[in-house]
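The data block below is entry_35.txt; it holds compact mmCIF, C-alpha atoms and all ligand atoms.
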```txt
# COMPACT_ATOMS: atom_id res chain seq x y z
CA MET M 1 0.00 0.00 0.00
CA THR M 2 2.96 2.26 0.60
CA ASN M 3 3.14 3.28 -3.05
CA GLU M 4 -0.27 4.95 -2.70
CA LEU M 5 1.12 7.41 -0.20
CA SER M 6 2.31 10.80 -1.33
CA PRO M 7 6.05 11.37 -0.76
CA LEU M 8 5.37 13.40 2.39
CA GLU M 9 2.87 10.84 3.66
CA PHE M 10 5.41 8.09 3.11
CA ASP M 11 8.00 10.13 4.98
CA GLN M 12 5.67 10.76 7.91
CA LYS M 13 4.68 7.14 8.15
CA HIS M 14 8.04 5.45 7.66
CA LEU M 15 11.01 7.76 8.12
CA TRP M 16 12.43 8.68 11.45
CA HIS M 17 13.71 12.25 11.77
CA PRO M 18 16.22 13.54 14.35
CA TYR M 19 14.90 13.54 17.93
CA THR M 20 11.30 12.89 16.93
CA ASN M 21 8.46 10.53 17.72
CA VAL M 22 8.03 8.39 14.61
CA THR M 23 4.40 7.69 15.50
CA LYS M 24 3.61 11.41 15.86
CA PRO M 25 5.60 13.10 13.12
CA GLY M 26 6.27 16.82 13.42
CA PRO M 27 5.76 19.34 10.63
CA THR M 28 8.21 18.68 7.78
CA PHE M 29 8.96 20.44 4.51
CA VAL M 30 9.94 18.56 1.36
CA VAL M 31 13.11 20.07 -0.08
CA LYS M 32 13.58 19.96 -3.83
CA GLU M 33 17.01 21.50 -4.14
CA ALA M 34 19.37 23.92 -2.50
CA GLU M 35 21.92 26.41 -3.68
CA GLY M 36 23.97 29.05 -1.88
CA VAL M 37 22.12 30.11 1.26
CA HIS M 38 18.76 28.97 -0.15
CA ILE M 39 16.74 25.82 0.33
CA THR M 40 13.97 25.39 -2.26
CA LEU M 41 10.84 23.52 -1.18
CA ASP M 42 8.62 21.37 -3.39
CA ASP M 43 6.25 24.31 -3.95
CA ASP M 44 9.19 26.52 -4.98
CA THR M 45 9.22 28.47 -1.72
CA ARG M 46 12.79 29.56 -1.06
CA LEU M 47 14.07 29.72 2.50
CA ILE M 48 17.37 31.13 3.70
CA ASP M 49 19.14 28.39 5.65
CA GLY M 50 19.81 30.26 8.89
CA MET M 51 21.09 27.04 10.46
CA SER M 52 23.76 26.28 7.86
CA SER M 53 22.00 22.89 7.90
CA TRP M 54 23.05 22.09 11.46
CA TRP M 55 26.11 24.30 11.32
CA CYS M 56 28.03 22.56 8.59
CA MET M 57 27.09 24.31 5.31
CA MET M 58 29.42 27.25 5.81
CA HIS M 59 30.22 27.97 2.14
CA GLY M 60 26.61 27.53 1.04
CA HIS M 61 24.73 24.63 -0.47
CA ARG M 62 26.04 23.01 -3.65
CA ASN M 63 29.22 25.02 -3.64
CA ALA M 64 30.80 24.92 -7.12
CA GLU M 65 34.37 24.09 -6.00
CA ILE M 66 33.32 21.40 -3.56
CA THR M 67 30.89 19.70 -5.93
CA ALA M 68 33.47 19.83 -8.75
CA ALA M 69 36.03 18.13 -6.52
CA ILE M 70 33.52 15.40 -5.65
CA HIS M 71 32.50 14.90 -9.31
CA GLU M 72 36.08 14.53 -10.41
CA GLN M 73 36.90 12.10 -7.62
CA LEU M 74 33.73 10.13 -8.33
CA ASP M 75 35.01 9.31 -11.82
CA ARG M 76 38.38 8.19 -10.52
CA LEU M 77 38.05 6.48 -7.15
CA PRO M 78 34.84 6.84 -5.11
CA HIS M 79 36.09 4.51 -2.42
CA VAL M 80 38.67 1.94 -1.51
CA MET M 81 39.40 0.34 1.86
CA PHE M 82 42.04 2.14 3.90
CA GLY M 83 43.57 -1.01 5.38
CA GLY M 84 46.84 -1.54 3.54
CA LEU M 85 45.93 1.08 0.92
CA THR M 86 46.15 4.84 0.73
CA HIS M 87 45.45 7.62 -1.78
CA ASP M 88 46.15 11.22 -2.65
CA PRO M 89 42.83 12.59 -1.32
CA ALA M 90 43.66 11.33 2.20
CA ILE M 91 47.27 12.54 1.99
CA ASP M 92 46.48 15.96 0.52
CA LEU M 93 43.79 16.57 3.11
CA GLY M 94 46.20 15.48 5.84
CA ARG M 95 48.79 18.01 4.69
CA LYS M 96 46.16 20.73 4.69
CA LEU M 97 44.90 19.82 8.15
CA LEU M 98 48.41 19.91 9.60
CA GLU M 99 48.91 23.36 8.09
CA ILE M 100 45.90 24.88 9.82
CA THR M 101 45.32 22.97 13.08
CA PRO M 102 47.23 23.52 16.35
CA GLU M 103 50.88 22.70 15.77
CA SER M 104 51.34 19.88 18.26
CA LEU M 105 48.58 17.80 16.65
CA THR M 106 50.36 15.63 14.13
CA ARG M 107 48.50 12.30 13.88
CA ILE M 108 45.24 12.12 12.01
CA PHE M 109 42.40 9.60 12.22
CA TYR M 110 39.64 9.97 9.59
CA CYS M 111 36.15 8.82 10.41
CA ASP M 112 32.53 9.11 9.38
CA SER M 113 30.79 11.51 11.70
CA GLY M 114 31.29 13.78 14.66
CA SER M 115 30.04 11.25 17.19
CA VAL M 116 32.46 8.64 15.87
CA SER M 117 35.35 11.10 16.08
CA VAL M 118 34.46 11.59 19.76
CA GLU M 119 34.40 7.82 20.27
CA VAL M 120 37.81 7.65 18.64
CA ALA M 121 39.15 10.44 20.85
CA MET M 122 37.90 8.76 24.01
CA LYS M 123 39.27 5.42 22.92
CA MET M 124 42.65 7.01 22.21
CA ALA M 125 42.68 8.44 25.74
CA VAL M 126 41.90 5.10 27.36
CA GLN M 127 44.42 3.20 25.22
CA TYR M 128 47.08 5.81 26.00
CA GLN M 129 46.49 5.57 29.75
CA HIS M 130 46.56 1.78 29.63
CA ALA M 131 49.78 1.86 27.63
CA MET M 132 51.30 4.17 30.24
CA GLY M 133 50.49 1.62 32.95
CA PHE M 134 47.32 3.26 34.24
CA ALA M 135 44.82 0.52 33.50
CA GLY M 136 42.37 2.02 35.99
CA ARG M 137 42.02 5.25 34.05
CA SER M 138 39.07 4.57 31.80
CA GLU M 139 36.53 7.18 32.90
CA PHE M 140 36.03 10.76 31.74
CA ALA M 141 35.44 14.16 33.27
CA THR M 142 33.53 16.94 31.57
CA ILE M 143 31.57 20.13 32.17
CA ARG M 144 27.79 20.21 32.39
CA SER M 145 25.64 21.38 29.44
CA GLY M 146 28.05 19.91 26.94
CA TYR M 147 27.15 17.98 23.82
CA HIS M 148 29.42 15.45 22.14
CA GLY M 149 27.19 13.29 19.99
CA ASP M 150 24.66 10.49 20.19
CA THR M 151 26.73 7.29 20.33
CA TRP M 152 27.07 5.63 23.73
CA LYS M 153 30.40 6.90 24.98
CA ALA M 154 29.84 10.36 23.50
CA MET M 155 26.39 10.47 25.06
CA SER M 156 27.81 9.61 28.48
CA VAL M 157 29.64 12.96 28.53
CA CYS M 158 26.68 15.00 27.22
CA ASP M 159 24.81 17.08 29.75
CA PRO M 160 23.01 14.58 32.02
CA ASP M 161 19.75 16.58 31.92
CA THR M 162 19.41 17.74 28.31
CA GLY M 163 21.11 14.50 27.21
CA MET M 164 18.33 12.66 29.07
CA HIS M 165 20.68 10.36 30.95
CA HIS M 166 17.76 9.17 33.08
CA LEU M 167 16.39 7.41 29.97
CA PHE M 168 19.50 5.30 29.70
CA GLN M 169 20.29 4.71 33.33
CA GLY M 170 22.36 1.61 33.78
CA ALA M 171 23.37 1.60 30.13
CA LEU M 172 25.55 4.72 30.18
CA SER M 173 28.98 4.87 31.73
CA VAL M 174 28.93 7.12 34.77
CA GLN M 175 31.29 10.05 34.27
CA HIS M 176 32.58 12.93 36.38
CA PHE M 177 30.65 16.19 35.88
CA VAL M 178 31.55 19.71 37.00
CA SER M 179 29.61 22.95 36.55
CA ARG M 180 30.05 24.75 33.27
CA PRO M 181 32.68 27.51 33.48
CA PRO M 182 30.89 30.32 35.35
CA ILE M 183 32.78 33.26 33.81
CA ARG M 184 31.33 34.14 30.44
CA TYR M 185 33.17 35.13 27.31
CA GLY M 186 33.86 38.87 27.42
CA GLN M 187 33.56 39.13 31.20
CA ASP M 188 36.63 39.86 33.31
CA TRP M 189 38.53 36.79 34.40
CA SER M 190 38.83 36.20 38.14
CA ASP M 191 41.76 34.38 39.69
CA VAL M 192 39.63 33.42 42.68
CA SER M 193 39.18 29.69 42.17
CA SER M 194 35.77 29.58 43.85
CA GLU M 195 34.58 32.18 41.32
CA ASN M 196 36.16 30.82 38.13
CA GLY M 197 35.07 27.21 38.55
CA LEU M 198 38.56 25.81 39.02
CA ALA M 199 38.16 24.95 42.71
CA GLU M 200 35.33 22.56 41.89
CA LEU M 201 37.21 21.19 38.92
CA ARG M 202 40.35 20.53 40.97
CA GLU M 203 38.31 18.74 43.59
CA VAL M 204 36.63 16.45 41.06
CA LEU M 205 39.80 15.71 39.10
CA GLU M 206 41.88 15.08 42.20
CA ALA M 207 39.26 12.75 43.64
CA GLY M 208 39.06 10.83 40.36
CA ARG M 209 42.66 11.01 39.21
CA ASP M 210 43.21 7.25 39.36
CA LYS M 211 40.10 6.62 37.30
CA ILE M 212 39.96 9.51 34.82
CA ALA M 213 41.60 9.08 31.42
CA ALA M 214 40.76 12.50 30.02
CA PHE M 215 38.85 15.71 30.45
CA ILE M 216 36.66 16.38 27.42
CA LEU M 217 34.84 19.62 26.57
CA GLU M 218 33.80 21.99 23.82
CA PRO M 219 36.27 24.90 23.92
CA VAL M 220 34.77 28.40 24.52
CA VAL M 221 31.37 27.65 22.93
CA GLN M 222 29.00 25.00 24.21
CA GLY M 223 26.65 24.40 21.26
CA THR M 224 23.70 22.05 21.52
CA GLY M 225 23.85 22.08 25.33
CA GLY M 226 22.84 25.74 25.50
CA MET M 227 24.78 28.04 23.14
CA TYR M 228 26.88 29.19 26.08
CA PHE M 229 30.11 31.18 25.58
CA TYR M 230 32.74 31.07 28.35
CA HIS M 231 36.11 32.62 29.12
CA PRO M 232 39.06 31.00 27.25
CA GLU M 233 41.29 31.47 30.31
CA TYR M 234 39.37 28.57 31.87
CA LEU M 235 40.93 26.32 29.26
CA ASN M 236 44.46 27.55 29.92
CA GLN M 237 43.99 26.68 33.58
CA VAL M 238 42.43 23.32 32.73
CA ARG M 239 45.53 22.45 30.71
CA HIS M 240 47.79 23.03 33.75
CA LEU M 241 45.53 21.04 36.01
CA CYS M 242 45.35 18.11 33.57
CA ASP M 243 49.15 18.09 33.21
CA GLU M 244 49.59 18.11 36.95
CA LEU M 245 47.27 15.12 37.37
CA GLY M 246 48.27 13.08 34.30
CA ILE M 247 44.85 13.52 32.69
CA LEU M 248 44.59 14.05 28.92
CA LEU M 249 42.72 17.02 27.48
CA ILE M 250 40.26 16.54 24.59
CA PHE M 251 38.73 19.50 22.74
CA ASP M 252 35.58 18.77 20.79
CA GLU M 253 35.76 21.44 18.06
CA ILE M 254 33.10 19.80 15.89
CA ALA M 255 30.87 22.89 16.18
CA THR M 256 33.52 25.56 16.83
CA GLY M 257 36.04 24.61 14.15
CA PHE M 258 36.74 26.40 10.87
CA GLY M 259 36.17 29.99 11.90
CA ARG M 260 32.74 29.79 13.51
CA THR M 261 33.84 31.57 16.72
CA GLY M 262 35.85 34.21 14.88
CA ALA M 263 39.07 32.23 15.40
CA LEU M 264 39.97 29.44 12.98
CA PHE M 265 39.69 27.05 15.92
CA ALA M 266 38.43 27.96 19.39
CA THR M 267 41.76 26.54 20.58
CA ASP M 268 43.35 29.59 18.97
CA LEU M 269 41.55 31.77 21.56
CA THR M 270 43.67 30.08 24.24
CA THR M 271 47.41 29.92 24.83
CA ILE M 272 47.45 26.12 25.07
CA GLU M 273 46.80 23.09 22.89
CA PRO M 274 44.77 19.99 23.71
CA ASP M 275 46.12 16.43 23.41
CA ILE M 276 43.29 15.40 21.13
CA ILE M 277 40.91 17.40 18.97
CA CYS M 278 37.69 16.36 17.18
CA LEU M 279 36.64 18.05 13.94
CA GLY M 280 33.49 17.49 11.91
CA LYS M 281 30.44 19.43 10.75
CA GLY M 282 31.99 22.19 8.59
CA LEU M 283 34.88 19.93 7.56
CA THR M 284 33.35 19.20 4.13
CA GLY M 285 31.39 22.45 4.05
CA GLY M 286 28.32 20.31 4.66
CA HIS M 287 28.57 18.26 1.49
CA ILE M 288 29.35 14.76 2.84
CA SER M 289 29.42 13.28 6.33
CA PHE M 290 33.01 13.25 7.53
CA ALA M 291 35.04 13.90 10.64
CA THR M 292 38.52 13.52 11.99
CA THR M 293 40.35 13.12 15.28
CA LEU M 294 43.85 14.52 15.61
CA THR M 295 46.31 13.87 18.38
CA ASN M 296 49.86 14.75 19.32
CA ASP M 297 53.05 12.67 19.19
CA ARG M 298 52.90 11.99 22.91
CA VAL M 299 49.55 10.21 22.73
CA ALA M 300 50.28 8.52 19.40
CA GLU M 301 53.65 7.24 20.58
CA GLY M 302 52.18 6.26 23.94
CA ILE M 303 49.56 4.11 22.26
CA GLY M 304 52.06 2.80 19.69
CA GLY M 305 54.60 1.87 22.36
CA GLY M 306 52.11 -0.03 24.49
CA THR M 307 50.62 -3.47 24.11
CA PRO M 308 49.20 -4.27 21.58
CA GLY M 309 50.42 -1.00 20.03
CA ILE M 310 47.72 -0.95 17.41
CA PHE M 311 44.84 1.48 17.78
CA MET M 312 41.59 -0.45 17.84
CA HIS M 313 39.38 1.44 15.43
CA GLY M 314 38.84 1.26 11.67
CA PRO M 315 35.58 2.25 10.00
CA THR M 316 34.66 0.66 6.66
CA TYR M 317 34.55 4.04 4.97
CA MET M 318 37.67 5.37 6.71
CA ALA M 319 39.27 8.21 4.68
CA ASN M 320 36.57 7.96 2.00
CA PRO M 321 38.12 9.71 -1.02
CA LEU M 322 34.93 11.62 -1.89
CA ALA M 323 34.79 13.03 1.62
CA CYS M 324 38.53 13.78 1.63
CA VAL M 325 38.40 15.83 -1.58
CA ALA M 326 35.25 17.62 -0.39
CA ALA M 327 37.03 18.52 2.83
CA LYS M 328 40.19 19.64 1.03
CA ALA M 329 38.12 21.85 -1.29
CA ALA M 330 36.15 23.29 1.64
CA LEU M 331 39.32 24.07 3.59
CA ASP M 332 40.98 25.64 0.54
CA LEU M 333 37.90 27.81 0.09
CA LEU M 334 38.01 28.87 3.72
CA THR M 335 41.70 29.68 3.93
CA GLY M 336 41.75 31.18 0.42
CA GLN M 337 39.55 34.06 1.55
CA ASP M 338 39.71 36.57 4.38
CA TRP M 339 37.42 34.38 6.43
CA ALA M 340 38.16 36.30 9.63
CA ALA M 341 36.92 39.57 8.10
CA ARG M 342 33.85 37.76 6.76
CA VAL M 343 32.96 36.25 10.13
CA GLN M 344 33.67 39.59 11.80
CA ALA M 345 31.25 41.36 9.44
CA LEU M 346 28.51 38.81 10.13
CA SER M 347 29.21 39.16 13.83
CA LYS M 348 28.96 42.94 13.85
CA GLN M 349 25.75 42.96 11.89
CA MET M 350 24.13 40.33 14.14
CA GLU M 351 25.23 42.28 17.20
CA GLN M 352 23.45 45.40 15.90
CA GLU M 353 20.35 43.76 14.54
CA LEU M 354 19.69 41.37 17.45
CA ALA M 355 20.26 44.06 20.11
CA PRO M 356 16.60 45.25 20.15
CA ALA M 357 15.57 41.82 21.48
CA ARG M 358 17.28 42.73 24.76
CA ASN M 359 14.22 44.87 25.52
CA PHE M 360 11.63 42.22 24.68
CA ALA M 361 9.58 40.58 27.40
CA ASN M 362 10.63 36.94 27.88
CA VAL M 363 14.14 37.46 26.51
CA ALA M 364 16.78 36.42 29.04
CA ASP M 365 19.90 37.24 27.02
CA VAL M 366 21.16 38.16 23.58
CA ARG M 367 24.69 37.13 22.66
CA VAL M 368 26.86 36.98 19.59
CA LEU M 369 30.26 35.39 19.12
CA GLY M 370 31.81 35.04 15.68
CA ALA M 371 29.15 33.81 13.29
CA ILE M 372 26.84 32.62 16.07
CA GLY M 373 23.84 34.75 17.08
CA VAL M 374 21.62 33.76 19.99
CA ILE M 375 18.42 35.08 21.56
CA GLU M 376 17.93 33.17 24.79
CA MET M 377 14.35 33.19 26.00
CA THR M 378 13.19 32.75 29.59
CA HIS M 379 11.13 29.73 28.52
CA GLN M 380 11.44 26.67 26.27
CA VAL M 381 10.77 27.43 22.62
CA SER M 382 9.01 24.92 20.39
CA ALA M 383 10.82 24.04 17.17
CA ASP M 384 7.47 22.97 15.69
CA ALA M 385 5.91 26.35 16.45
CA ALA M 386 8.89 28.08 14.84
CA HIS M 387 8.58 25.74 11.88
CA ALA M 388 5.05 26.92 11.17
CA ARG M 389 6.33 30.49 10.84
CA THR M 390 9.49 29.93 8.81
CA ARG M 391 7.72 29.65 5.46
CA ASP M 392 6.31 33.18 5.86
CA LEU M 393 9.57 34.54 7.17
CA GLY M 394 11.51 33.13 4.23
CA VAL M 395 14.08 31.90 6.72
CA PHE M 396 14.63 28.40 8.04
CA LEU M 397 15.26 28.53 11.78
CA ARG M 398 15.00 25.66 14.22
CA PRO M 399 15.25 26.79 17.83
CA PHE M 400 16.05 24.35 20.59
CA GLY M 401 15.68 24.57 24.33
CA LYS M 402 15.36 28.24 25.21
CA ASN M 403 17.44 29.44 22.30
CA ILE M 404 16.40 31.07 19.04
CA TYR M 405 19.69 31.17 17.21
CA THR M 406 21.42 31.34 13.88
CA MET M 407 24.71 30.07 12.54
CA PRO M 408 24.53 31.67 9.11
CA PRO M 409 26.53 30.37 6.15
CA TYR M 410 29.64 32.54 5.71
CA ILE M 411 28.43 33.58 2.24
CA THR M 412 25.26 35.17 3.65
CA SER M 413 24.82 38.67 2.21
CA GLU M 414 23.94 41.71 4.29
CA ASP M 415 20.32 41.65 3.13
CA GLU M 416 20.00 37.93 3.70
CA LEU M 417 21.42 38.24 7.20
CA SER M 418 18.95 41.06 7.93
CA GLN M 419 16.18 38.69 6.90
CA ILE M 420 17.51 36.06 9.29
CA THR M 421 17.79 38.45 12.24
CA ALA M 422 14.34 39.93 11.48
CA GLY M 423 12.95 36.39 11.58
CA MET M 424 14.63 35.76 14.91
CA LEU M 425 13.22 38.96 16.39
CA LEU M 426 9.72 38.01 15.25
CA LEU M 427 10.02 34.52 16.71
CA ALA M 428 11.27 36.03 19.97
CA GLN M 429 8.12 38.17 20.15
CA GLU M 430 5.72 35.47 19.09
CA LEU M 431 6.94 32.23 20.67
C1 LIG Z 1 27.23 17.91 16.20
C2 LIG Z 1 28.22 17.66 17.27
C3 LIG Z 1 28.70 16.37 17.53
C4 LIG Z 1 28.18 15.14 16.81
O1 LIG Z 1 28.45 15.15 15.47
P1 LIG Z 1 27.61 14.18 14.47
O2 LIG Z 1 28.25 14.38 13.15
O3 LIG Z 1 26.20 14.68 14.54
O4 LIG Z 1 27.74 12.80 14.99
C5 LIG Z 1 29.66 16.22 18.50
N1 LIG Z 1 30.14 17.27 19.19
C6 LIG Z 1 29.70 18.53 18.97
C7 LIG Z 1 30.30 19.66 19.73
C8 LIG Z 1 28.72 18.77 18.01
O5 LIG Z 1 28.26 20.02 17.82
```

Take the structure in this file and express it as structure tokens.
Amino acid sequence: MTNELSPLEFDQKHLWHPYTNVTKPGPTFVVKEAEGVHITLDDDTRLIDGMSSWWCMMHGHRNAEITAAIHEQLDRLPHVMFGGLTHDPAIDLGRKLLEITPESLTRIFYCDSGSVSVEVAMKMAVQYQHAMGFAGRSEFATIRSGYHGDTWKAMSVCDPDTGMHHLFQGALSVQHFVSRPPIRYGQDWSDVSSENGLAELREVLEAGRDKIAAFILEPVVQGTGGMYFYHPEYLNQVRHLCDELGILLIFDEIATGFGRTGALFATDLTTIEPDIICLGKGLTGGHISFATTLTNDRVAEGIGGGTPGIFMHGPTYMANPLACVAAKAALDLLTGQDWAARVQALSKQMEQELAPARNFANVADVRVLGAIGVIEMTHQVSADAAHARTRDLGVFLRPFGKNIYTMPPYITSEDELSQITAGMLLLAQEL
């Protein structure tokens, strides 16, 4: 009977969407095509993608350079296993990554998605600690309101409340949580450890030092867990504390990487480097699922020098050539332009145009960092309610929690960005 259903009816009956109830489908648009900042629906309505399609489509949809790179690679070598074989796309991308990422990170693991890159990072930490003779160190510490993905180990370090840990009680590894860094980005740093969050952190890390393999967090910007921006000095201090206690430091830059915060990597806002970094989302400019985990010589040599020496991970589509060339093209596009000026311009305009929301009833906070603009409401905002309005606004926005936010594509024009911010202001008044 399924062939009697319209495409949308089929979708609503049979296809699961992210974080939804498959038996009670939410409102959904059918997308016909997309180009630049625009998504075109089946009835030819064009919407500006104010979400960069979950933060990855930074150079716009169907970017000419990225699609050309994929087309060319498709005719040559769409895929080959990476065990015992290698290829130029993986090598060229590797060279590019080493050029732009923090200097101490020299060993690259390619994988399929952000969540997997977090799994890989956590596995590296545990294998390193075991190789160093600390077999007991297999747990993780993190800050609350974080988000690191939906696979089991990644989920265990997501915020226990918004990550709905109660749903999975008994199935999730118990980890060590501390409060999110209390000093916000742009506020004055305080050296008083009870005020800057470091007293609590020291206490938790010292108590767990024999059990904790690594401290994992999103540097400077917590994304999905609340769009919260905190002081980079926290991370400098965390580095010292981790070194003192023999705990590795993992930065999840899946959302913050590639210029989103105004720095190429949020790590660049600090004076330190992590032991392991996760990159994803914008890596291919949103054209193909791909991610990578980079680590330093110390961790790589630690794992390599231990028993069994091999690192126990190897996805089927590891270093997929199509994804590698897409990523190389996306990174060339990024670094081939004055991306910092571009992000700065978006930032300034959002700052000006979102400011009026500060005076709205029910608005708790308005904040902008790099190409991230947030109106935080005092109450939960319904993505479905916002959905119903986006068609009229000409802008696709999908709020979550209390936040109405945008992460515009970097190619968004001044007029298009004004349309996005106007849409956000309207939603903030209506929802
Ligand atoms: C999106 C995200 C992930 C998960 O990436 P997927 O590709 O969705 O698996 C992990 N960490 C952070 C910080 C993210 O924003």

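If you measure from each of M:Val80, M:Val221, M:Leu354, M:Ala361 to ligand LIG 1 (chain Z) using only C-alpha atoms and all ligand atoms, the closest one turns out to be M:Val221.
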
| message | Can you pull out the residues contacting Gln337 of chain M? Cut-off 12 Å, using all atoms listed in the file, and skip same-chain residues under 6 positions away; I want them as a PyMOL selection string. | response | chain M and resi 59+259+330-331+343+410-411

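Checking M:Arg342, M:Lys32, M:His148, M:Lys348 one by one against ligand LIG 1 (chain Z), counting all atoms listed in the file, you find the shortest gap at M:His148.
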
| said: Counting all atoms listed in the file, which residues sit no farther than 12 Å from the position (23.5, 36.0, 24.8) in the file's frame? I'd like them as an MDAnalysis selection string. | reply: chainID M and resid 184:186 221 226:230 350:351 354:355 357:358 363:369 372:378 402:405

| said: Just want the 8 Å neighbourhood of Arg239 of chain M, counted on all atoms listed in the file, with same-chain residues fewer than 5 positions away dropped. Output as a PyMOL selection string. | reply: chain M and resi 249+272-274

In file coordinates, which residues lie within 10 Å of (10.3, 26.0, -4.1) using all atoms listed in the file, given as a compact mmCIF listing (two decimals) with C-alpha atoms, keeping the file's coordinate frame?
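Result saved to point30.txt:
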```txt
# COMPACT_ATOMS: atom_id res chain seq x y z
CA VAL M 30 9.94 18.56 1.36
CA VAL M 31 13.11 20.07 -0.08
CA LYS M 32 13.58 19.96 -3.83
CA GLU M 33 17.01 21.50 -4.14
CA ALA M 34 19.37 23.92 -2.50
CA HIS M 38 18.76 28.97 -0.15
CA ILE M 39 16.74 25.82 0.33
CA THR M 40 13.97 25.39 -2.26
CA LEU M 41 10.84 23.52 -1.18
CA ASP M 42 8.62 21.37 -3.39
CA ASP M 43 6.25 24.31 -3.95
CA ASP M 44 9.19 26.52 -4.98
CA THR M 45 9.22 28.47 -1.72
CA ARG M 46 12.79 29.56 -1.06
CA LEU M 47 14.07 29.72 2.50
```

Could you give me, as CSV, every chain M residue with an atom at most 8 Å from ligand LIG 1 (chain Z), plus its closest atom pair and distance in Å to one decimal, counting only C-alpha atoms and all ligand atoms, rows ordered by chain then number?
```
residue,atom,partner,partner_atom,distance
M:Trp54,CA,Z:LIG1,C1,7.6
M:Asp112,CA,Z:LIG1,O2,7.8
M:Ser113,CA,Z:LIG1,O2,4.1
M:Gly114,CA,Z:LIG1,O1,3.3
M:Ser115,CA,Z:LIG1,O4,3.5
M:Val116,CA,Z:LIG1,O4,6.4
M:Ser117,CA,Z:LIG1,O4,7.9
M:Val118,CA,Z:LIG1,C5,6.8
M:Gly146,CA,Z:LIG1,C7,7.6
M:Tyr147,CA,Z:LIG1,C7,5.4
M:His148,CA,Z:LIG1,N1,3.5
M:Gly149,CA,Z:LIG1,C4,3.8
M:Asp150,CA,Z:LIG1,O4,6.5
M:Thr151,CA,Z:LIG1,O4,7.7
M:Ala154,CA,Z:LIG1,C5,7.7
M:Glu218,CA,Z:LIG1,C7,5.9
M:Gln222,CA,Z:LIG1,C7,7.1
M:Gly223,CA,Z:LIG1,O5,5.8
M:Thr224,CA,Z:LIG1,O5,6.2
M:Asp252,CA,Z:LIG1,C7,5.5
M:Glu253,CA,Z:LIG1,C7,6.0
M:Ile254,CA,Z:LIG1,C7,4.8
M:Ala255,CA,Z:LIG1,O5,4.2
M:Thr256,CA,Z:LIG1,C7,7.3
M:Cys278,CA,Z:LIG1,N1,7.9
M:Gly280,CA,Z:LIG1,O2,6.2
M:Lys281,CA,Z:LIG1,O2,6.0
M:Ser289,CA,Z:LIG1,O2,7.0
M:Phe290,CA,Z:LIG1,O2,7.5
M:Ala291,CA,Z:LIG1,O2,7.3
```

| task | Identify, on the basis of only C-alpha atoms, every residue whose closest approach to Leu294 of chain M does not exceed 10 Å; exclude the query and any residue fewer than 4 positions from it along the same chain; express the result as a PyMOL selection string. | result | chain M and resi 97-98+101-102+104-110+117+120-121+250+274-279+300

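With only C-alpha atoms as the atoms that count, the minimum distance from Thr293 of chain M to the choices M:Met124, M:Pro182, M:Leu427, M:Met57 is reached by M:Met124.
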
| Near-Thr271 of chain M list (8 Å; all atoms listed in the file; drop same-chain fewer than 3 positions) as a PyMOL selection string | chain M and resi 236+267-268
